[in-house]
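Read through the structure below, which is laid out as C-alpha cells, and then see the notes.
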Amino acid sequence: MSTPAAAAAPPALTADEGRLLYRGMLRIRRFEEKSAELYTQEKIRGFLHLYIGEEAVAVGVMDTLRPDDAVVATYREHGHALARDVPAGPVMAEMFGKVEGCSRGRGGSMHIFDAQRRFYGGNAIVGGGLPLAVGLALAEQMQGSSRIAVCFFGEGAMAEGEFHESMNLAALWNLPVLFCCENNLYAMGTALGRSQSETDLALRAASYQVPAWAVDGMDVVAVREAAQRAVDAVRGGGGPYFLELLTYRFRAHSMFDAELYREKSEVEEWKRRDPIPAFASRLEAAGLLSAADRETVGAEVEAEIEAAVAFAEAGTIEPVEELTRFVYSEAAP
Amino acid sequence: MSTPAAAAAPPALTADEGRLLYRGMLRIRRFEEKSAELYTQEKIRGFLHLYIGEEAVAVGVMDTLRPDDAVVATYREHGHALARDVPAGPVMAEMFGKVEGCSRGRGGSMHIFDAQRRFYGGNAIVGGGLPLAVGLALAEQMQGSSRIAVCFFGEGAMAEGEFHESMNLAALWNLPVLFCCENNLYAMGTALGRSQSETDLALRAASYQVPAWAVDGMDVVAVREAAQRAVDAVRGGGGPYFLELLTYRFRAHSMFDAELYREKSEVEEWKRRDPIPAFASRLEAAGLLSAADRETVGAEVEAEIEAAVAFAEAGTIEPVEELTRFVYSEAAP
Amino acid sequence: MSITYREAVREAIREALHADPRVFLMGEDVGRYGGCYAVTKGLLEEFGPERIRDTPLSEGAFVGAGIGAALGGMRPIVEIMTVNFSMLALDQVVNTAATLLHMSGGQFNVPIVIRMVTGGGRQLAAQHSHSLENWYAHVPGLKVVAPATLADARGMLASALADPDPVVIFEHVLLYGETGELAAPMTAAPIHGAAVRRTGRDITIVAHGGMLTRALAAAERLSADGIDVEVVDLRVLRPLDTATILESVARTRRALVVDEGWRSGSLAAEVSARIMEGVFRELDAPVGRLCSAEVPMPYARQLEQAAIPQVADIITAARAVVEG
Amino acid sequence: MSITYREAVREAIREALHADPRVFLMGEDVGRYGGCYAVTKGLLEEFGPERIRDTPLSEGAFVGAGIGAALGGMRPIVEIMTVNFSMLALDQVVNTAATLLHMSGGQFNVPIVIRMVTGGGRQLAAQHSHSLENWYAHVPGLKVVAPATLADARGMLASALADPDPVVIFEHVLLYGETGELAAPMTAAPIHGAAVRRTGRDITIVAHGGMLTRALAAAERLSADGIDVEVVDLRVLRPLDTATILESVARTRRALVVDEGWRSGSLAAEVSARIMEGVFRELDAPVGRLCSAEVPMPYARQLEQAAIPQVADIITAARAVVEG
Ligand SMILES: Cc1ncc(C[n+]2csc(CCOP(=O)(O)OP(=O)(O)O)c2C)c(N)n1
Ligand SMILES: Cc1ncc(C[n+]2csc(CCOP(=O)(O)OP(=O)(O)O)c2C)c(N)n1
Ligand SMILES: [Mg+2]
Ligand SMILES: [Mg+2]
C-alpha cells in the first residue's frame, strides 16, 4: 500500500487542469447526491449503486485516456460515465427509464452505455467485464492500433475466476489493457480480509507477471500520475498493467443496505479524507483555484445537474409495442 | 524449479519401503501398458489417458496419506487409484464397462471411484475436482477431524478460474487440503508457456499465501519427502499446501493424439529420466533391492495385471433395464 | 401466526441449524450483511461464523465446496445470491452434483441444498432478472423445487435437507414480502407432488413460484365472469408431478400454463407437451402457454411489466383457451 | 467432390479466414494440437498463430475475450472444445453476448460465432456426453444452429459470420466422420429456416443434428413397411422455423420429435407444444417425443446405446404415433 500523498505538496498541475479535475469530481458527487434523492422519490428504480467517495479514481484515470480508448466499468458506473464525458442528461434519463437515456431506458443505472465514447458499460455481473476488456484489447492489438482498453472493477471481483483467467490471458498475450481495481475495502458487506487470502492486491496481481502498483485513490493527482504511467506503458506495447486504487465508498452498497458490517466511525474516518474538499484546498493553497472559481464551478455543476434532471423528466416513455426491439440487430434504416 | 535429486545419493528408505514404492510404480506402468493394448483391441472404449512416466507422483504422495484421508483426482487417474490401493481388478473391469467395475461400468476410465478408500474420482472437467477437495477439507475442519483432503490436477488446470477460487478459499479458511499440481509441461498440445504467464507454478501458488514447493516428480523419494512435509503441515492445522510435481507424460494425451506439438527428441530426453528404472537402480546400488527381488516384484505385478484382466473379462454386462438406476439414491434394501 | 415469506425461509433455516449439527449455511453476504434480501439476518449472531459462512465472490468454488462438504458428511445449505450468478457455478451443479451418484455407480450421493433467488419484476434489467428454472429442471440427478406459498417456504427446506440427493430451491424475489398466517409448529412439506390450490371446472391453470399468486388472482376475477378455474401449483419442477396435472386437465379439458421463463424451450413447453401426451383425446382446445416475452429484461417499468405475465394477461390467455 | 463433415467445417473456416482479415479462430488446442477432433488441423500452419490462437484452459475468459474482440471490430470464431465445458463460459454468453445489444438500447451488437461439439455416443460418460442445445435455444439474443448435413456444415459458418449478432453452432461429434459429395464452389447456407429432408404423407419426424441421419434411416425402413415418413431437419434451433414444421404436420397430421437431449424440459417439448398450438385441430394423434433417457450418460456401451435414441427406437416411436 502506498502512503497518502503529502497534502501539503503543491500539485504539478496548471490551474486549468486543476479546475477540470475538481469539476469532474464535483459533477459526479452532485449528480449522485441528486440521484439518491430521486431514488427516494421513485423516479429512479431498480438497483442504484453510488460512487460517492470514490470520485478521484474515475476522474484521475479517465483524464489520461484518449477518446478512442475503450472503457469497461461495473454497475457502480455513473462516475465513470460522467468522467468519460457521457453527457449527464442521457445518463439521468437512462435511470428514469426514458427513451432519451443513453441506453434508451433499457439498461438503467447498472447499464450505462455510450458507443460514441467507447463506453462499454455498465456490467452487473461481478468480474464479467474483465474478459470483455481483454477482448477489446485483443482487437486493438490485432488491428495494430495504438488504442488501449481500460477496465474498472472492485476488489471483491478479484475472488472471481474470471479475474484470474483474464489477468493470465492478458499477460500471456501481452495485451494493451489496464486493470483498475477500486479497492474500497468491501464487497457489499464482505471486508477485504474475508474475501482475499492475500490482501496486498497489487502483489497478487503481480503474480501474473503484470506490473502492479497501489495508489492512494483519494488523491486525484496521485491517481492521475499513476494512471498516466500505466497508460503510457500499456500504449507503448508493454502489455497489461494493474492499478490498485485504494478508496472508500461513503454510502451504502446500494439503496437496500443497512450497513451492518462496518462501524459508523470507520466511515467518518474515511470521510475526513474526502477527495473533493481535500483537492480543492490543495489547489487553493497552491493558488490554482480561487474561492470565486470554486463558486463558479459549483454553480455550473448545479446547473448541469438541474438540466440533466429536467432533460430526464421531459423524456419519453417508450411504448410497450417496442418491447422486443434490440433483441437482434435491426437492418440499417 | 528444483534440481533433480542426485541419482547417486542412497535413498533414506528401508528395503521394504523401497520395494513397495518400486512395486507401486511398476504396477501402474504395467497396468497402463496393458490398458493401451486392450484399447486397441476395443475392450476399453471412450477416452483413455495414460499416466505412464508420471508414476512417481501418485505413488510418492499416496504413500504419505492415511487410509481415511480423502483423495480427488482427474481423468488421468488409474495411477492414483492403484496407488490408493483400489484393487486392479475392479479398475480394469470398470474400463471394460462391467458391473464388477469400481463404478459399476457407469464411469469408465475417467471416472474411477471407491468410497471405501475415500477415492473421489475420476473428474473429467479440468479443474472441476478442486472445489470438491476444498469442500471435503471443509467438512473435516468443521468436524474437527485430523483427516485431510488431497487433490491432483495438471498444470493446465491452473489457468481455470476454479483453480483460483479454490486456492483462495482454502487459504482464507485455512482448510486442510493439499494441492498437487502435476506439471507435465503440456495440457493436451498446449505447452506451459502458452498457458501460464508465470511458469514458475509454485511461485504463482504462493501468491495466495499458501506454502508452495516445486519437486522433482520423476524421483519417487523426493516426492515422498516433500509430500510428507506437506501432509504433516496440513494435518497439523497449517492450512493448505501446494506442491508442483515436475514430471512428463511419455505417451500421447489420450488415444486420439498425433502429438504434433512436441518433438520426439524431447520425449526421448525425458524417457531417460524414467522414474521406475532410475529408482530401481538406486535401490540396487544401495543394496536395498536385489536382481531377484526385482524379478519377483515384476512377476507378482504381471500376475496381478493378468488376474485383473481375467476379472474384467469375466465380468457381467449390466442389463439395459437397469439404465436409470443411480440417478437418485435408492432406499437401502 | 402472521409471517412473511422471508421470515418463513429464515425460520426454516434456523430450525434446520438447530436440528442437525451437520447443517450449515454458506454464500455471499449471508452473514455480516444479513443476506442480500435480508433473509438470513440475525443468523450469524445466533449461530456464529462457523455455521453461517460469508464466502468470497467465487460462485464456482463455494458451490463446489458445498458439494465436497456434503460428500464429507456435512449438510450444507448453499445460497447463490440469485439465479443470475448461478451460471458461474453451473458446471459444478451439473457436472459434479448431478452426475456423481451415477458416475460412481451409486457410491457417492450428494446431500446438498442450493437456494437461490429467481425472477424479475423489480426493474433490475437484463442481467439480474432471469428465470432459469427450466435449465435446472432439465437435468437428471437434481431435484428442483419452487415454494410458492408460505407453508412451502417454511416446510420444504427440511425435506430438502433430509433428501440424500442435490436439491435446488428457487425463491421468487417478489414473494419475500408476502404475508400470511402459518400454524406453528410446522410440519415438513414434501418435495414431491404438485398441489391443486383452487378447484374449478372450466380450465386448469398450471403455474409455479412467482406466477402462482397471479394465477390465483386471475382465477378469482375469471370466476366473477363465470369461468371456473382450477389452479395447479407445480411446487416441484423436477420431477414433475404429471399425474396431478393430467388428472386436473382430464376434468377441465382445457389448460393454460403460466411460466415466467422465456417461452421458447420453457418449462411451460414441457408441461404442455405432457398434457398433450397424456390426455390428448380429452382436450377441448390446445393447451395455452403464457410466458415472458423473448427479450432480455428491459429496465423501464412499463417494458418490464409488459415482458412478464401479469394478472390481466393471464385472464386474457385463459379466456382465449376457454373460447378456443 | 467427396468430403467429410470434418473437412467441410475446416473448409468453411479456411474460406472465412481467407475472405475477411477480421476473422480469427481461438480456442483450446485449435492450433498446435490440430483440434481435439482434428477439425482445425493444418490451419495454424496456413494462417499463423495470430489468427489461429491456442488459448489456455480458461473458457470464461476466452469466450468473453471473443465477445470483446467482436465489439472491437474483429469477427472471432471461438471454439469451445465441447458443450460439456461450455457451462464455464455460459455467463459470458448469456449475460453479455446475448444481452448487450438490448441493455445498450441497440448500440452494441456482438458479431461473434461460437462453435462447439455436442452429443454422445462415443462412450465418454456423464461429463462428456451432454446435449444442451435447448439451454442455448432458450436464450433471446442468441441464434443457434445445428448443421446436420455436409452442405450446412460447409455453408452455415459464412452466414453466421455475416450475422451481426451472436451465433452458436453445434456440431455433433458423430457427424465428423460422415462422408458425402459437395459441389464446389460452395454457396452460403442460410441460418434461418428448417428444411424438409424427405417428403412423406403419413407422419412428420422432426429432428436435428446427430439425430437427422437416424431419422432418415428410420424413414427408409418405415417406408418399406408402407409408412411414408416426412423428415424435417430443424437446422436452426433459435429462432425455430415453426411455419415449416406446421405446414408439414398439417399435411401428415401426425408428428414425432426426436431429440438427443434429456426429455424433461427439452427442445422436443418446445416443438411439440408449438405443433399443438398451431395445428391442434389437424392432429390425428398426440405428437410423440423420443428423447434421451433421463440419466447422466453411462459409460458402458449397451447402456449408452439404450440411453440415446437409435434407429430402431425411432421406428418404434413413429409406429406408435401412426397407430395412436
Ligand atoms: C457474479 C456476481 N455475484 C454476486 C453479485 C452481487 N453483487 C453485486 S455487487 C457485489 C459486491 C462487489 O464488490 P466489489 O467488487 O468490491 O465492488 P464494489 O461494489 O465494492 O464497488 C455483489 C456481491 C453480482 N452482481 N455478480
Ligand atoms: C473444462 C475443460 N476444458 C477442456 C477439457 C478438455 N481437456 C481434457 S484434458 C485437457 C488438458 C489438461 O491438461 P492438464 O491440466 O495439464 O493435465 P494433463 O492432461 O496434462 O494431465 C483438456 C484441454 C476438459 N476436460 N475440461
Ligand atoms: Mg469493493
Ligand atoms: Mg499437463
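Within each chain, counting starts at residue 1; across the C-alpha cells, chains are named A, B, ... in the order shown, with ligands numbered 1 upward in that order.
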Contact check, chain D to chain B, at most 7 Å, counting only C-alpha atoms, closest pairs as CSV:
```
residue,atom,partner,partner_atom,distance
D:Asp29,CA,B:Gly189,CA,6.0
D:Arg32,CA,B:Tyr261,CA,5.3
D:Tyr33,CA,B:Gly189,CA,4.8
D:Thr55,CA,B:Ser195,CA,7.0
D:Pro56,CA,B:Ser195,CA,4.4
D:Leu57,CA,B:Ala159,CA,5.4
D:Ser58,CA,B:Glu160,CA,4.9
D:Arg122,CA,B:Gly46,CA,5.8
D:Gln123,CA,B:Gly46,CA,4.6
D:Leu124,CA,B:Gly46,CA,4.9
D:Ala125,CA,B:Gly107,CA,6.0
D:Gln127,CA,B:Ala124,CA,6.5
D:Val295,CA,B:Thr324,CA,5.8
D:Pro298,CA,B:Arg106,CA,4.5
D:Tyr299,CA,B:Arg106,CA,4.8
D:Ala300,CA,B:Gly97,CA,4.5
D:Gln302,CA,B:Val320,CA,6.6
D:Leu303,CA,B:Val320,CA,5.6
D:Ala306,CA,B:Val320,CA,6.5
```
At a cut-off of 6 Å, list the chain B residues touching chain A, using only C-alpha atoms, as a tab-separated table (two decimals) with all heavy atoms, in the first residue's frame.
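Once written, result_31.tsv looks like this:
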```
chain	number	residue	atom	x	y	z
B	161	GLY	N	-10.51	-20.67	-13.81
B	161	GLY	CA	-10.99	-19.86	-12.70
B	161	GLY	C	-11.19	-20.67	-11.43
B	161	GLY	O	-10.98	-20.17	-10.33
B	162	GLU	N	-11.57	-21.92	-11.60
B	162	GLU	CA	-11.84	-22.73	-10.40
B	162	GLU	C	-10.57	-22.99	-9.59
B	162	GLU	O	-10.64	-23.18	-8.38
B	162	GLU	CB	-12.53	-24.04	-10.79
B	162	GLU	CG	-13.95	-23.78	-11.29
B	162	GLU	CD	-14.80	-25.04	-11.43
B	162	GLU	OE1	-14.24	-26.13	-11.49
B	162	GLU	OE2	-16.04	-24.89	-11.51
B	164	HIS	N	-8.17	-20.78	-9.17
B	164	HIS	CA	-8.02	-19.52	-8.43
B	164	HIS	C	-8.98	-19.44	-7.24
B	164	HIS	O	-8.59	-19.17	-6.11
B	164	HIS	CB	-8.28	-18.39	-9.42
B	164	HIS	CG	-8.42	-17.03	-8.85
B	164	HIS	ND1	-7.37	-16.32	-8.35
B	164	HIS	CD2	-9.51	-16.23	-8.71
B	164	HIS	CE1	-7.80	-15.13	-7.94
B	164	HIS	NE2	-9.09	-15.05	-8.14
B	165	GLU	N	-10.23	-19.70	-7.53
B	165	GLU	CA	-11.24	-19.59	-6.47
B	165	GLU	C	-10.97	-20.62	-5.37
B	165	GLU	O	-11.16	-20.33	-4.18
B	165	GLU	CB	-12.64	-19.79	-7.07
B	165	GLU	CG	-13.00	-18.71	-8.08
B	165	GLU	CD	-14.42	-18.84	-8.62
B	165	GLU	OE1	-15.14	-19.78	-8.22
B	165	GLU	OE2	-14.83	-18.00	-9.44
B	168	ASN	N	-7.85	-19.64	-3.21
B	168	ASN	CA	-8.17	-18.51	-2.34
B	168	ASN	C	-9.05	-18.94	-1.18
B	168	ASN	O	-8.79	-18.58	-0.02
B	168	ASN	CB	-8.85	-17.42	-3.18
B	168	ASN	CG	-9.12	-16.15	-2.40
B	168	ASN	OD1	-8.23	-15.66	-1.69
B	168	ASN	ND2	-10.33	-15.62	-2.51
B	171	ALA	N	-7.16	-21.07	1.33
B	171	ALA	CA	-6.21	-20.27	2.12
B	171	ALA	C	-6.96	-19.40	3.12
B	171	ALA	O	-6.59	-19.31	4.29
B	171	ALA	CB	-5.35	-19.42	1.20
B	172	LEU	N	-8.02	-18.77	2.66
B	172	LEU	CA	-8.81	-17.88	3.52
B	172	LEU	C	-9.33	-18.63	4.74
B	172	LEU	O	-9.34	-18.10	5.85
B	172	LEU	CB	-10.04	-17.40	2.76
B	172	LEU	CG	-10.04	-16.05	2.10
B	172	LEU	CD1	-11.37	-15.87	1.39
B	172	LEU	CD2	-9.81	-14.93	3.09
B	197	SER	N	1.13	-17.26	-17.67
B	197	SER	CA	2.03	-16.12	-17.80
B	197	SER	C	3.18	-16.22	-16.81
B	197	SER	O	4.27	-15.69	-17.04
B	197	SER	CB	1.26	-14.81	-17.60
B	197	SER	OG	0.71	-14.76	-16.29
B	198	GLU	N	2.97	-16.89	-15.70
B	198	GLU	CA	4.05	-17.16	-14.74
B	198	GLU	C	4.28	-18.66	-14.76
B	198	GLU	O	3.45	-19.43	-14.28
B	198	GLU	CB	3.62	-16.70	-13.34
B	198	GLU	CG	4.55	-17.13	-12.21
B	198	GLU	CD	5.98	-16.65	-12.40
B	198	GLU	OE1	6.27	-15.51	-11.97
B	198	GLU	OE2	6.78	-17.40	-12.97
B	204	ARG	N	3.47	-18.88	-8.37
B	204	ARG	CA	2.07	-18.48	-8.59
B	204	ARG	C	1.20	-18.89	-7.41
B	204	ARG	O	0.44	-18.11	-6.87
B	204	ARG	CB	1.49	-19.19	-9.82
B	204	ARG	CG	1.64	-18.57	-11.14
B	204	ARG	CD	0.49	-17.67	-11.60
B	204	ARG	NE	-0.13	-16.87	-10.59
B	204	ARG	CZ	-1.41	-16.90	-10.27
B	204	ARG	NH1	-2.21	-17.71	-10.88
B	204	ARG	NH2	-1.88	-16.11	-9.34
B	207	SER	N	1.36	-16.99	-4.21
B	207	SER	CA	0.72	-15.67	-4.18
B	207	SER	C	-0.62	-15.69	-3.46
B	207	SER	O	-1.20	-14.65	-3.18
B	207	SER	CB	0.57	-15.11	-5.59
B	207	SER	OG	-0.55	-15.69	-6.22
B	208	TYR	N	-1.13	-16.88	-3.17
B	208	TYR	CA	-2.36	-16.98	-2.36
B	208	TYR	C	-2.03	-17.10	-0.89
B	208	TYR	O	-2.90	-17.43	-0.09
B	208	TYR	CB	-3.18	-18.20	-2.80
B	208	TYR	CG	-3.68	-18.09	-4.22
B	208	TYR	CD1	-2.96	-18.62	-5.27
B	208	TYR	CD2	-4.87	-17.42	-4.50
B	208	TYR	CE1	-3.41	-18.50	-6.58
B	208	TYR	CE2	-5.32	-17.30	-5.80
B	208	TYR	CZ	-4.58	-17.84	-6.84
B	208	TYR	OH	-5.03	-17.71	-8.13
```
>> Which residue is closest to ligand 1? Choose from C:Ala126, C:Ala293, C:Ala69, C:Ile3 and count only C-alpha atoms and all ligand atoms.
In response: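 Of the candidates, the smallest distance to ligand 1 is held by C:Ala126.
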> If you count only C-alpha atoms, which residues fall within 7 Å of stretch 97-101 of chain C, apart from same-chain ones fewer than 5 positions away, as a list in words?
Replying inline: Phe326 and Val327 of chain B; Ile67, Gln92, Gly106, Gln107, Phe108, Asn109, Val110, Pro140, Gly141, Leu142 and Pro166 of chain C; Ala126 and Pro296 of chain D
For the selection you just gave me, I'd like the residues written to a file as a PDB file, in the first residue's frame, keeping N, CA and C atoms.
```
ATOM      1  N   PHE B 326     -29.336 -45.190 -10.151  1.00  0.00           N
ATOM      2  CA  PHE B 326     -28.282 -44.274  -9.686  1.00  0.00           C
ATOM      3  C   PHE B 326     -28.412 -42.861 -10.218  1.00  0.00           C
ATOM      4  N   VAL B 327     -29.617 -42.498 -10.635  1.00  0.00           N
ATOM      5  CA  VAL B 327     -29.853 -41.093 -10.945  1.00  0.00           C
ATOM      6  C   VAL B 327     -30.194 -40.394  -9.627  1.00  0.00           C
TER       7      VAL B 327
ATOM      8  N   ILE C  67     -20.578 -29.081  -2.351  1.00  0.00           N
ATOM      9  CA  ILE C  67     -20.698 -30.471  -2.810  1.00  0.00           C
ATOM     10  C   ILE C  67     -19.689 -31.340  -2.065  1.00  0.00           C
ATOM     11  N   GLN C  92     -20.331 -26.999 -11.728  1.00  0.00           N
ATOM     12  CA  GLN C  92     -20.277 -27.807 -10.507  1.00  0.00           C
ATOM     13  C   GLN C  92     -21.611 -28.502 -10.252  1.00  0.00           C
ATOM     14  N   GLY C 106     -23.357 -45.439  -7.966  1.00  0.00           N
ATOM     15  CA  GLY C 106     -24.179 -45.459  -6.762  1.00  0.00           C
ATOM     16  C   GLY C 106     -23.415 -45.250  -5.462  1.00  0.00           C
ATOM     17  N   GLN C 107     -22.120 -45.003  -5.556  1.00  0.00           N
ATOM     18  CA  GLN C 107     -21.342 -44.886  -4.311  1.00  0.00           C
ATOM     19  C   GLN C 107     -21.471 -43.537  -3.617  1.00  0.00           C
ATOM     20  N   PHE C 108     -21.500 -42.465  -4.401  1.00  0.00           N
ATOM     21  CA  PHE C 108     -21.426 -41.142  -3.789  1.00  0.00           C
ATOM     22  C   PHE C 108     -22.670 -40.306  -4.074  1.00  0.00           C
ATOM     23  N   ASN C 109     -23.556 -40.258  -3.105  1.00  0.00           N
ATOM     24  CA  ASN C 109     -24.678 -39.324  -3.229  1.00  0.00           C
ATOM     25  C   ASN C 109     -24.257 -37.981  -2.654  1.00  0.00           C
ATOM     26  N   VAL C 110     -24.929 -36.930  -3.087  1.00  0.00           N
ATOM     27  CA  VAL C 110     -24.523 -35.571  -2.719  1.00  0.00           C
ATOM     28  C   VAL C 110     -25.676 -34.849  -2.035  1.00  0.00           C
ATOM     29  N   PRO C 140     -31.154 -34.506 -15.082  1.00  0.00           N
ATOM     30  CA  PRO C 140     -31.327 -35.683 -14.226  1.00  0.00           C
ATOM     31  C   PRO C 140     -30.290 -35.677 -13.108  1.00  0.00           C
ATOM     32  N   GLY C 141     -30.707 -36.101 -11.955  1.00  0.00           N
ATOM     33  CA  GLY C 141     -29.806 -36.110 -10.804  1.00  0.00           C
ATOM     34  C   GLY C 141     -30.111 -34.977  -9.851  1.00  0.00           C
ATOM     35  N   LEU C 142     -30.770 -33.931 -10.356  1.00  0.00           N
ATOM     36  CA  LEU C 142     -31.185 -32.825  -9.493  1.00  0.00           C
ATOM     37  C   LEU C 142     -32.658 -32.984  -9.138  1.00  0.00           C
ATOM     38  N   PRO C 166     -28.971 -33.959  -4.418  1.00  0.00           N
ATOM     39  CA  PRO C 166     -28.960 -32.495  -4.509  1.00  0.00           C
ATOM     40  C   PRO C 166     -30.338 -31.910  -4.795  1.00  0.00           C
TER      41      PRO C 166
ATOM     42  N   ALA D 126     -20.615 -39.484 -18.296  1.00  0.00           N
ATOM     43  CA  ALA D 126     -21.573 -38.475 -17.843  1.00  0.00           C
ATOM     44  C   ALA D 126     -21.125 -37.031 -18.013  1.00  0.00           C
ATOM     45  N   PRO D 296     -27.681 -39.381 -16.290  1.00  0.00           N
ATOM     46  CA  PRO D 296     -26.343 -38.957 -16.722  1.00  0.00           C
ATOM     47  C   PRO D 296     -25.779 -40.081 -17.591  1.00  0.00           C
TER      48      PRO D 296
END
```
>> Give me, as a ChimeraX atom specification, the residues of chain C touching chain D, with the criterion being at most 8 Å (counting only C-alpha atoms).
In response: /C:85,87-91,95,98-99,102-103,125-127,134-135,137-141,262-267,269-270,272-273,276-277,280,285-288,294-296,298
>> I need the residues in stretch 90-306 of chain C that are helix (DSSP H, G or I) according to DSSP; give them as number ranges by chain.
In response: C: 90-97, 100-103, 133-137, 150-162, 173-175, 211-224, 242-252, 267-282, 301-306
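Contact shell of B:Gly53 at 8 Å (only C-alpha atoms; same-chain neighbours under 4 positions omitted): B:Met218, B:Thr247, B:Tyr248, B:Arg249, B:Phe250, B:Arg251, B:Lys271, B:Asp274, B:Pro275.
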Store the residues picked out above, limited to all heavy atoms, as a short mmCIF file (atom, residue, chain, number, x, y, z; two decimals), in the first residue's frame.
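Result file part-v5.cif:
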```
data_model
loop_
_atom_site.label_atom_id
_atom_site.label_comp_id
_atom_site.auth_asym_id
_atom_site.auth_seq_id
_atom_site.Cartn_x
_atom_site.Cartn_y
_atom_site.Cartn_z
N MET B 218 9.98 -36.92 -10.97
CA MET B 218 10.49 -38.17 -11.53
C MET B 218 11.24 -38.97 -10.47
O MET B 218 11.76 -40.04 -10.76
CB MET B 218 11.41 -37.89 -12.72
CG MET B 218 10.76 -37.07 -13.83
SD MET B 218 9.20 -37.77 -14.44
CE MET B 218 9.80 -38.69 -15.86
N THR B 247 7.02 -33.31 -13.91
CA THR B 247 7.02 -34.65 -14.48
C THR B 247 6.79 -34.58 -15.98
O THR B 247 6.91 -33.48 -16.58
CB THR B 247 5.97 -35.52 -13.74
OG1 THR B 247 5.98 -36.83 -14.25
CG2 THR B 247 4.57 -34.93 -13.86
N TYR B 248 6.49 -35.67 -16.59
CA TYR B 248 6.33 -35.70 -18.04
C TYR B 248 5.49 -36.91 -18.41
O TYR B 248 5.62 -37.97 -17.80
CB TYR B 248 7.71 -35.82 -18.70
CG TYR B 248 7.73 -35.40 -20.16
CD1 TYR B 248 7.78 -34.06 -20.50
CD2 TYR B 248 7.70 -36.35 -21.17
CE1 TYR B 248 7.79 -33.67 -21.83
CE2 TYR B 248 7.70 -35.96 -22.51
CZ TYR B 248 7.75 -34.62 -22.83
OH TYR B 248 7.75 -34.23 -24.14
N ARG B 249 4.61 -36.68 -19.38
CA ARG B 249 3.86 -37.85 -19.83
C ARG B 249 4.56 -38.42 -21.05
O ARG B 249 4.82 -37.71 -22.02
CB ARG B 249 2.39 -37.47 -20.04
CG ARG B 249 1.87 -37.24 -21.38
CD ARG B 249 0.37 -36.99 -21.43
NE ARG B 249 0.07 -35.66 -21.99
CZ ARG B 249 0.34 -35.29 -23.23
NH1 ARG B 249 0.94 -36.10 -24.05
NH2 ARG B 249 0.05 -34.08 -23.65
N PHE B 250 4.88 -39.71 -20.95
CA PHE B 250 5.64 -40.35 -22.03
C PHE B 250 4.74 -40.65 -23.22
O PHE B 250 5.22 -40.74 -24.35
CB PHE B 250 6.27 -41.66 -21.53
CG PHE B 250 7.37 -41.46 -20.52
CD1 PHE B 250 7.96 -42.56 -19.89
CD2 PHE B 250 7.84 -40.19 -20.19
CE1 PHE B 250 8.99 -42.40 -18.97
CE2 PHE B 250 8.87 -40.01 -19.26
CZ PHE B 250 9.44 -41.12 -18.65
N ARG B 251 3.47 -40.84 -22.96
CA ARG B 251 2.56 -41.22 -24.03
C ARG B 251 1.77 -40.01 -24.53
O ARG B 251 1.88 -38.92 -23.99
CB ARG B 251 1.57 -42.27 -23.52
CG ARG B 251 2.23 -43.55 -23.06
CD ARG B 251 2.86 -44.31 -24.21
NE ARG B 251 3.36 -45.61 -23.78
CZ ARG B 251 2.73 -46.76 -23.97
NH1 ARG B 251 1.54 -46.77 -24.55
NH2 ARG B 251 3.28 -47.89 -23.57
N LYS B 271 12.37 -39.62 -21.34
CA LYS B 271 12.29 -41.06 -21.05
C LYS B 271 13.57 -41.55 -20.40
O LYS B 271 13.57 -42.53 -19.65
CB LYS B 271 12.01 -41.85 -22.34
CG LYS B 271 10.55 -41.83 -22.73
CD LYS B 271 10.25 -42.82 -23.85
CE LYS B 271 8.78 -42.81 -24.20
NZ LYS B 271 8.52 -43.49 -25.49
N ASP B 274 13.14 -41.82 -16.83
CA ASP B 274 12.05 -42.71 -16.39
C ASP B 274 12.17 -43.02 -14.89
O ASP B 274 13.18 -43.55 -14.44
CB ASP B 274 12.12 -44.00 -17.22
CG ASP B 274 10.90 -44.89 -17.01
OD1 ASP B 274 10.33 -44.90 -15.90
OD2 ASP B 274 10.51 -45.58 -17.97
N PRO B 275 11.16 -42.70 -14.12
CA PRO B 275 11.26 -42.84 -12.65
C PRO B 275 11.41 -44.28 -12.19
O PRO B 275 11.95 -44.50 -11.09
CB PRO B 275 9.94 -42.27 -12.15
CG PRO B 275 9.00 -42.37 -13.31
CD PRO B 275 9.84 -42.21 -14.54
#
```
Need to verify the contact set: B:Gly239, 6 Å, only C-alpha atoms, exclusion of same-chain residues closer than 4 positions in sequence. Can you return it as a PDB file with C-alpha atoms, in the first residue's frame?
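Listing of around_18.pdb after writing:
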```pdb
ATOM      1  CA  ASN B 174      -7.187 -22.359   6.461  1.00  0.00           C
ATOM      2  CA  LEU B 175      -8.520 -25.659   5.185  1.00  0.00           C
ATOM      3  CA  PRO B 176      -6.646 -28.960   5.388  1.00  0.00           C
ATOM      4  CA  VAL B 234      -1.665 -29.629   6.574  1.00  0.00           C
TER       5      VAL B 234
END
```
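Nearest-residue note for D:Val167: choosing from D:Leu150, D:Val93, D:Val232, D:Met81, the minimum distance belongs to D:Val93, counting only C-alpha atoms.
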> With only C-alpha atoms as the basis for distance, which of D:His192, D:Arg214, D:Arg22, D:Arg6 is at the shortest distance from D:Gln310?
Replying inline: D:Arg214
>> With only C-alpha atoms as the counted atoms, please give the residues lying no more than 10 Å from B:Val231, apart from itself and same-chain residues fewer than 5 positions off, as JSON, numbers by chain.
In response: {"B": [61, 64, 65, 66, 148, 149, 150, 176, 177, 178, 225, 226, 236, 238, 240, 241]}
>> List as number ranges by chain the protein and nucleic acid residues near stretch 171-184 of chain D, meaning an atom at most 7 Å away when only C-alpha atoms are counted, but skip any in the same chain fewer than 5 places from it.
In response: D: 1-6, 116-119, 146-147, 151, 209-210
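The two atoms in question, atom CA of A:Thr296 and atom CA of A:Leu50, are spaced 25.0 Å apart.
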>> Quick check, in Å to one decimal: how far apart do atom CA of A:Val297 and atom CA of A:Ala278 lie?
In response: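 Between these atoms lies a distance of 15.8 Å.
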>> I need the residues in stretch 157-277 of chain B that are strand (DSSP E) according to DSSP; give them as a PyMOL selection string.
In response: chain B and resi 177-183+186-187+190-191+212-216+241-246
> Which distance in Å separates atom 7 (N, counted along the ligand's line) of ligand 1 and atom CA of A:Ala139, to one decimal?
Replying inline: 28.9 Å
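Take the candidates B:Glu54, B:Asp16, B:Asp63, B:Glu304 and check each one against ligand 4 using only C-alpha atoms and all ligand atoms; the shortest distance goes to B:Glu54.
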